[in-house]
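Engineer: File run.cif below, mmCIF, C-alpha atoms:
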```cif
data_coords
#
loop_
_atom_site.label_atom_id
_atom_site.label_comp_id
_atom_site.auth_asym_id
_atom_site.auth_seq_id
_atom_site.Cartn_x
_atom_site.Cartn_y
_atom_site.Cartn_z
CA PRO A 162 103.96 104.20 153.94
CA GLU A 163 103.57 101.20 156.23
CA GLY A 164 101.69 100.80 159.50
CA VAL A 165 98.17 100.66 160.95
CA VAL A 166 95.63 102.95 159.28
CA ALA A 167 93.80 105.48 161.44
CA ARG A 168 91.70 107.05 158.67
CA VAL A 169 91.31 107.07 154.89
CA ASP A 170 90.17 110.18 153.01
CA VAL A 171 89.34 110.34 149.30
CA ASP A 172 88.78 113.71 147.62
CA GLY A 173 87.95 114.71 144.06
CA ALA A 174 86.32 111.49 142.87
CA ALA A 175 83.15 111.73 140.80
CA ASP A 176 81.65 108.84 142.79
CA ALA A 177 82.94 108.96 146.38
CA ALA A 178 81.45 105.58 147.34
CA ALA A 179 82.94 103.82 144.31
CA ALA A 180 86.31 105.44 144.99
CA ARG A 181 86.35 104.31 148.63
CA ALA A 182 85.43 100.79 147.57
CA ALA A 183 88.21 100.83 144.97
CA VAL A 184 90.80 101.89 147.56
CA GLY A 185 89.93 98.85 149.65
CA ILE A 186 91.79 100.12 152.73
CA ALA A 187 89.95 100.96 155.97
CA ALA A 188 90.78 102.13 159.50
CA GLY A 189 92.50 99.38 161.47
CA ASP A 190 94.06 97.76 158.39
CA THR A 191 97.78 97.28 158.20
CA VAL A 192 98.93 99.08 155.10
CA THR A 193 101.93 98.28 152.91
CA ALA A 194 103.46 99.93 149.85
CA ALA A 195 101.96 97.19 147.66
CA LYS A 196 98.44 97.87 149.01
CA VAL A 197 98.80 101.60 148.41
CA GLN A 198 100.04 101.06 144.83
CA GLY A 199 97.11 98.71 144.21
CA ALA A 200 94.67 101.32 145.53
CA ILE A 201 96.08 103.98 143.20
CA ARG A 202 95.82 101.64 140.20
CA LYS A 203 92.19 100.88 141.04
CA LEU A 204 91.35 104.58 141.33
CA TYR A 205 92.82 105.11 137.86
CA ALA A 206 90.81 102.13 136.61
CA LEU A 207 87.56 103.86 137.57
CA GLY A 208 88.23 106.24 134.67
CA GLY A 209 88.24 110.00 134.41
CA ALA A 210 91.39 110.55 136.49
CA ASP A 211 94.23 112.65 135.16
CA ASP A 212 96.29 112.06 138.30
CA VAL A 213 95.98 110.30 141.66
CA ARG A 214 97.99 111.69 144.55
CA LEU A 215 98.58 110.28 148.02
CA LEU A 216 99.52 112.17 151.17
CA ALA A 217 100.31 109.97 154.17
CA ARG A 218 100.87 111.39 157.63
CA ARG A 219 101.12 110.12 161.18
CA GLU A 220 98.23 110.84 163.53
CA GLY A 221 98.64 109.42 167.01
CA GLN A 222 99.54 105.76 166.69
CA GLY A 223 98.22 105.40 163.16
CA LEU A 224 98.46 106.62 159.59
CA VAL A 225 96.08 108.95 157.78
CA LEU A 226 95.95 108.22 154.05
CA HIS A 227 94.63 111.10 151.94
CA PHE A 228 93.96 110.18 148.29
CA THR A 229 93.27 113.06 145.91
CA VAL A 230 91.80 112.29 142.50
CA VAL A 231 92.56 114.97 139.91
CA LYS A 232 89.93 114.80 137.20
CA ARG A 233 90.84 114.94 133.57
CA PRO A 234 90.31 118.35 132.00
CA THR A 235 87.48 118.72 129.54
CA PHE A 236 87.55 120.00 126.00
CA GLY A 237 86.95 123.71 125.58
CA GLU A 238 86.86 125.09 122.05
CA VAL A 239 87.35 122.42 119.38
CA VAL A 240 88.28 123.44 115.83
CA ILE A 241 88.53 120.68 113.21
CA HIS A 242 89.62 121.01 109.59
CA GLY A 243 88.65 117.75 107.91
CA GLY A 244 89.28 116.33 104.48
CA THR A 245 87.48 114.32 101.83
CA LEU A 246 87.89 110.85 103.30
CA TYR A 247 87.42 112.00 106.89
CA ASP A 248 85.33 115.15 107.25
CA ALA A 249 85.10 117.26 110.41
CA PRO A 250 82.14 115.39 112.01
CA GLU A 251 83.87 112.03 111.42
CA LEU A 252 87.07 113.26 113.02
CA GLU A 253 85.16 114.74 115.94
CA LYS A 254 83.47 111.38 116.55
CA ALA A 255 86.65 109.32 116.15
CA LEU A 256 88.58 111.56 118.56
CA SER A 257 85.62 111.99 120.98
CA ALA A 258 86.49 115.67 120.77
CA THR A 259 83.35 117.57 121.68
CA ALA A 260 83.20 120.61 123.95
CA GLY A 261 82.73 119.52 127.55
CA ALA A 262 83.86 115.92 127.02
CA ALA A 263 86.80 114.54 129.00
CA TYR A 264 90.20 115.17 127.45
CA ASP A 265 92.23 111.95 127.19
CA PRO A 266 95.58 112.67 125.49
CA ALA A 267 96.63 109.00 125.33
CA ALA A 268 93.42 108.05 123.52
CA ILE A 269 93.84 110.96 121.10
CA VAL A 270 97.40 109.92 120.23
CA ALA A 271 96.30 106.31 119.66
CA THR A 272 93.34 107.36 117.49
CA ARG A 273 95.48 109.74 115.49
CA GLY A 274 97.88 106.89 114.69
CA LYS A 275 95.06 104.61 113.55
CA LEU A 276 93.55 107.30 111.31
CA VAL A 277 96.86 108.11 109.64
CA ASP A 278 97.67 104.40 109.17
CA ALA A 279 94.27 103.88 107.56
CA LEU A 280 94.92 106.71 105.11
CA HIS A 281 98.36 105.33 104.24
CA GLU A 282 96.81 101.90 103.61
CA ARG A 283 94.40 103.52 101.17
CA GLY A 284 97.28 105.00 99.19
CA TYR A 285 97.52 108.45 100.77
CA ALA A 286 101.19 108.14 101.65
CA ASP A 287 101.59 111.87 102.40
CA ALA A 288 98.60 112.07 104.75
CA ALA A 289 99.26 113.97 107.98
CA LEU A 290 96.99 114.70 110.93
CA SER A 291 98.04 117.56 113.18
CA ILE A 292 96.47 117.75 116.64
CA VAL A 293 97.38 120.60 118.98
CA GLY A 294 95.94 121.06 122.46
CA GLU A 295 96.31 124.20 124.55
CA ARG A 296 95.26 124.62 128.19
CA ALA A 297 92.85 127.52 128.65
CA GLN A 298 92.66 129.73 131.73
CA ASP A 299 89.62 127.85 133.05
CA GLY A 300 91.56 124.56 132.94
CA SER A 301 89.84 123.17 129.85
CA VAL A 302 91.79 122.17 126.73
CA ASP A 303 91.23 123.93 123.42
CA LEU A 304 91.90 121.60 120.52
CA CYS A 305 92.85 122.26 116.91
CA VAL A 306 92.73 119.35 114.46
CA ASP A 307 94.04 119.75 110.91
CA LEU A 308 93.92 116.88 108.40
CA LYS A 309 95.95 117.07 105.19
CA GLU A 310 95.21 113.99 103.10
CA GLY A 311 97.44 114.80 100.14
CA HIS A 312 97.11 112.99 96.82
CA LYS A 313 96.51 109.30 96.34
CA ILE A 314 99.77 107.65 95.24
CA THR A 315 99.39 104.90 92.64
CA LEU A 316 101.69 102.59 90.71
CA ASP A 317 102.33 103.43 87.07
CA ALA A 318 104.83 100.66 86.25
CA ILE A 319 106.16 97.35 87.61
CA THR A 320 109.28 96.02 85.93
CA PHE A 321 111.79 93.20 86.42
CA GLN A 322 115.45 93.22 85.52
CA GLY A 323 118.12 90.53 85.64
CA LEU A 324 115.93 87.57 84.64
CA LYS A 325 117.52 84.91 82.45
CA LYS A 326 116.53 81.50 83.81
CA ILE A 327 113.14 82.30 85.36
CA LYS A 328 110.16 83.55 83.40
CA GLU A 329 108.85 86.96 84.41
CA SER A 330 105.29 85.64 84.22
CA GLU A 331 106.07 83.12 86.99
CA LEU A 332 107.18 85.88 89.34
CA ARG A 333 104.34 88.21 88.44
CA ALA A 334 101.86 85.44 89.23
CA THR A 335 102.97 85.51 92.89
CA ILE A 336 101.81 89.12 93.35
CA ASP A 337 98.37 89.40 94.92
CA THR A 338 96.66 92.44 93.36
CA GLU A 339 93.30 92.04 95.12
CA SER A 340 91.48 92.42 91.81
CA GLY A 341 93.58 95.38 90.72
CA ARG A 342 93.42 97.33 93.98
CA ILE A 343 97.05 96.87 95.07
CA ASN A 344 100.50 96.15 93.65
CA THR A 345 99.55 96.58 90.02
CA THR A 346 99.44 99.41 87.52
CA GLY A 347 96.82 101.91 88.69
CA GLY A 348 96.65 100.37 92.16
CA ILE A 349 98.36 101.36 95.39
CA LEU A 350 101.54 99.93 96.83
CA ASP A 351 100.94 97.46 99.68
CA GLN A 352 104.32 96.61 101.22
CA ASN A 353 103.04 93.73 103.36
CA LYS A 354 101.52 91.96 100.37
CA LEU A 355 104.66 92.72 98.38
CA ASP A 356 106.79 91.04 101.04
CA GLU A 357 104.53 87.98 100.83
CA ALA A 358 105.05 87.89 97.07
CA ILE A 359 108.84 88.09 97.44
CA SER A 360 108.72 85.10 99.81
CA LYS A 361 106.82 83.13 97.13
CA MET A 362 109.35 84.25 94.51
CA ALA A 363 112.11 82.87 96.73
CA GLU A 364 110.33 79.50 96.68
CA ILE A 365 110.45 79.55 92.88
CA PHE A 366 114.18 80.26 93.02
CA ASP A 367 114.64 77.37 95.42
CA ALA A 368 112.69 74.93 93.23
CA GLN A 369 115.02 75.73 90.31
CA GLY A 370 118.24 75.36 92.27
CA LEU A 371 118.99 79.07 92.44
CA ALA A 372 120.12 78.90 96.07
CA LYS A 373 122.21 82.04 95.74
CA GLY A 374 119.48 84.08 94.06
CA ARG A 375 118.49 87.45 95.44
CA ILE A 376 115.52 89.78 94.87
CA SER A 377 115.43 93.43 95.90
CA THR A 378 112.90 96.14 95.16
CA LYS A 379 113.31 99.80 94.39
CA THR A 380 110.59 102.43 94.15
CA THR A 381 110.88 105.70 92.26
CA ARG A 382 108.32 108.40 92.82
CA ASN A 383 107.31 111.11 90.39
CA GLY A 384 104.52 113.30 91.74
CA ASP A 385 101.61 111.08 92.66
CA LYS A 386 102.97 108.12 90.67
CA VAL A 387 105.37 105.40 91.80
CA SER A 388 107.30 102.92 89.67
CA LEU A 389 108.37 99.61 91.18
CA LEU A 390 111.47 97.72 90.05
CA PHE A 391 112.32 94.14 90.98
CA ASP A 392 116.10 93.78 90.73
CA VAL A 393 116.90 90.08 90.38
CA GLU A 394 120.24 88.31 90.80
CA GLU A 395 119.62 84.70 89.84
CA GLY A 396 123.12 83.36 90.36
CA PRO A 397 124.22 79.92 89.16
CA VAL A 398 122.15 76.75 89.38
CA VAL A 399 123.40 74.81 92.39
CA ARG A 400 123.24 71.02 91.90
CA VAL A 401 123.52 68.10 94.27
CA ARG A 402 126.93 66.44 93.92
CA ARG A 403 126.37 63.74 96.54
CA TYR A 404 124.95 63.33 100.00
CA GLU A 405 125.62 61.08 102.93
CA VAL A 406 123.46 59.80 105.76
CA LYS A 407 125.25 59.65 109.12
CA GLY A 408 124.41 59.42 112.79
CA GLU A 409 122.67 56.91 115.01
CA LEU A 410 120.71 55.10 112.32
CA VAL A 411 117.94 52.61 113.07
CA ALA A 412 118.04 51.31 109.51
CA ASP A 413 120.50 50.97 106.67
CA ALA A 414 121.67 54.28 105.13
CA GLY A 415 120.24 53.17 101.81
CA ALA A 416 116.75 53.10 103.30
CA TYR A 417 117.05 56.77 104.27
CA LYS A 418 118.34 57.73 100.83
CA LYS A 419 115.28 56.18 99.22
CA LEU A 420 113.13 58.62 101.20
CA LEU A 421 114.91 61.62 99.69
CA SER A 422 113.51 63.01 96.46
CA LEU A 423 116.75 64.79 95.59
CA LYS A 424 119.20 62.78 93.53
CA ALA A 425 122.75 63.45 92.39
CA LYS A 426 122.93 66.20 89.75
CA ASP A 427 119.43 67.45 90.60
CA PRO A 428 119.05 71.22 91.24
CA PHE A 429 119.48 71.72 94.97
CA SER A 430 116.23 72.65 96.76
CA ARG A 431 115.89 73.24 100.48
CA ALA A 432 112.17 72.54 100.27
CA LYS A 433 112.80 69.01 98.96
CA LEU A 434 114.99 68.23 101.96
CA VAL A 435 112.16 68.79 104.42
#
```
If you took the structure in this file and wrote it as structure tokens, what would it be?

Structural biologist:
Amino acid sequence: PEGVVARVDVDGAADAAAARAAVGIAAGDTVTAAKVQGAIRKLYALGGADDVRLLARREGQGLVLHFTVVKRPTFGEVVIHGGTLYDAPELEKALSATAGAAYDPAAIVATRGKLVDALHERGYADAALSIVGERAQDGSVDLCVDLKEGHKITLDAITFQGLKKIKESELRATIDTESGRINTTGGILDQNKLDEAISKMAEIFDAQGLAKGRISTKTTRNGDKVSLLFDVEEGPVVRVRRYEVKGELVADAGAYKKLLSLKAKDPFSRAKLV
């Protein structure tokens, strides 16, 4: 809607004065679509709104803007089945799911994701958190929360295959176990830390001229145990045959060559070129 405002009405807000101030449009103002969209965003920003609706109509020479704030429903009956790591009271607090409190589905979805991720990080790879909401006749939302943690999954073996030129101990030394908590026998699998270790292993390959080397991992699960295999393809040692210095040089080519640590017949290393 665009035009001169005759009147602004706001219904449904918990604090009528705060809502009117948030709208920021008064009789006599010239309204535009951008101003109306801004007013709606500010009403949402006050919190507690499930929906904000606008009805605009002509009255005489002006516009009447009628904003209706639809409050979020509240929780009705809340049933929570907790676990060992997160019991029912802890879940109730994390989800802010108490009878009579405002129901915020977006916040519940976000919290659910964080809780499940936290369980996975602690080794409970099968953990699942089911949250079901159902609208009751009085408009409130009944909630059922069911946590299934599952068993803690730990590593029972870490093996390497395909090594001929590189010592296994060198590669194992790159794996951060956090004092036996992760990525070691009896610990849990931490993929992020494992990826960091593989990057360090690649540096070892590079230092030894194994430019075509490859490392892949494979996990095999048996019940609550996981075995981890590093499958290594070392490839041949790549050596420097010769190199040339070209371009717009400010000094003799020989001066540049002296700066390079790699010499002819040395194992080729990308790191030594930097």

Engineer: So that I can see what lies close to Val401 (chain A), please list as a list in words the residues with an atom at most 10 Å from it, counting only C-alpha atoms and leaving out residues fewer than 5 positions away in the same chain.

Structural biologist: Gly370, Leu423, Lys424, Ala425, Lys426, Asp427, Pro428, Phe429 and Ser430 of chain A

Engineer: Of the candidates A:Glu405, A:Ala297, A:Tyr285, A:Arg400, which one gets nearest to Gly311 (chain A) if we count only C-alpha atoms?

Structural biologist: A:Tyr285

Engineer: Give as a list of chain:residue names the residues that the PyMOL selection byres ((chain A and resi 194) around 12) matches when applied to the coordinates above.

Structural biologist: A:Pro162, A:Glu163, A:Gly164, A:Thr191, A:Val192, A:Thr193, A:Ala195, A:Lys196, A:Val197, A:Gln198, A:Gly199, A:Ala200, A:Ile201, A:Leu215, A:Ala217, A:Leu226

Engineer: Let me see the file: selected residues, C-alpha atoms, as a short mmCIF file (atom, residue, chain, number, x, y, z; two decimals), in the frame of the given file.

Structural biologist:
```cif
data_model
loop_
_atom_site.label_atom_id
_atom_site.label_comp_id
_atom_site.auth_asym_id
_atom_site.auth_seq_id
_atom_site.Cartn_x
_atom_site.Cartn_y
_atom_site.Cartn_z
CA PRO A 162 103.96 104.20 153.94
CA GLU A 163 103.57 101.20 156.23
CA GLY A 164 101.69 100.80 159.50
CA THR A 191 97.78 97.28 158.20
CA VAL A 192 98.93 99.08 155.10
CA THR A 193 101.93 98.28 152.91
CA ALA A 195 101.96 97.19 147.66
CA LYS A 196 98.44 97.87 149.01
CA VAL A 197 98.80 101.60 148.41
CA GLN A 198 100.04 101.06 144.83
CA GLY A 199 97.11 98.71 144.21
CA ALA A 200 94.67 101.32 145.53
CA ILE A 201 96.08 103.98 143.20
CA LEU A 215 98.58 110.28 148.02
CA ALA A 217 100.31 109.97 154.17
CA LEU A 226 95.95 108.22 154.05
#
```

Engineer: Quick one: residues within 9 Å of Ser301 (chain A), only C-alpha atoms counted, chain neighbours fewer than 4 positions away excluded, as a PyMOL selection string?

Structural biologist: chain A and resi 234-238+261+264+295-297

Engineer: With only C-alpha atoms counted, which protein, DNA or RNA residues have an atom no more than 7 Å from (123.5, 78.4, 90.9) in the file frame? Please answer as a ChimeraX atom specification.

Structural biologist: /A:370-373,396-399

Engineer: Store the residues of this selection in a file with C-alpha atoms, as an mmCIF file, keeping the file's coordinate frame.

Structural biologist:
```
data_model
loop_
_atom_site.group_PDB
_atom_site.id
_atom_site.type_symbol
_atom_site.label_atom_id
_atom_site.label_comp_id
_atom_site.auth_asym_id
_atom_site.auth_seq_id
_atom_site.Cartn_x
_atom_site.Cartn_y
_atom_site.Cartn_z
ATOM 1 C CA GLY A 370 118.240 75.360 92.270
ATOM 2 C CA LEU A 371 118.990 79.070 92.440
ATOM 3 C CA ALA A 372 120.120 78.900 96.070
ATOM 4 C CA LYS A 373 122.210 82.040 95.740
ATOM 5 C CA GLY A 396 123.120 83.360 90.360
ATOM 6 C CA PRO A 397 124.220 79.920 89.160
ATOM 7 C CA VAL A 398 122.150 76.750 89.380
ATOM 8 C CA VAL A 399 123.400 74.810 92.390
#
```

Engineer: Which residues fall under the PyMOL selection byres ((chain A and resi 340-344) around 9) in this file, as a list in words?

Structural biologist: Thr315, Leu316, Ile319, Ile336, Asp337, Thr338, Glu339, Thr345, Thr346, Gly347, Gly348, Ile349, Leu350, Asp351, Gln352, Lys354, Leu355 and Leu389 of chain A

Engineer: List the residues selected by the PyMOL selection byres ((chain A and resi 392) around 6) in the file shown, writing them as a list in words.

Structural biologist: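 Applying the expression gives Gln322, Ile376, Ser377, Thr378, Phe391 and Val393 of chain A.
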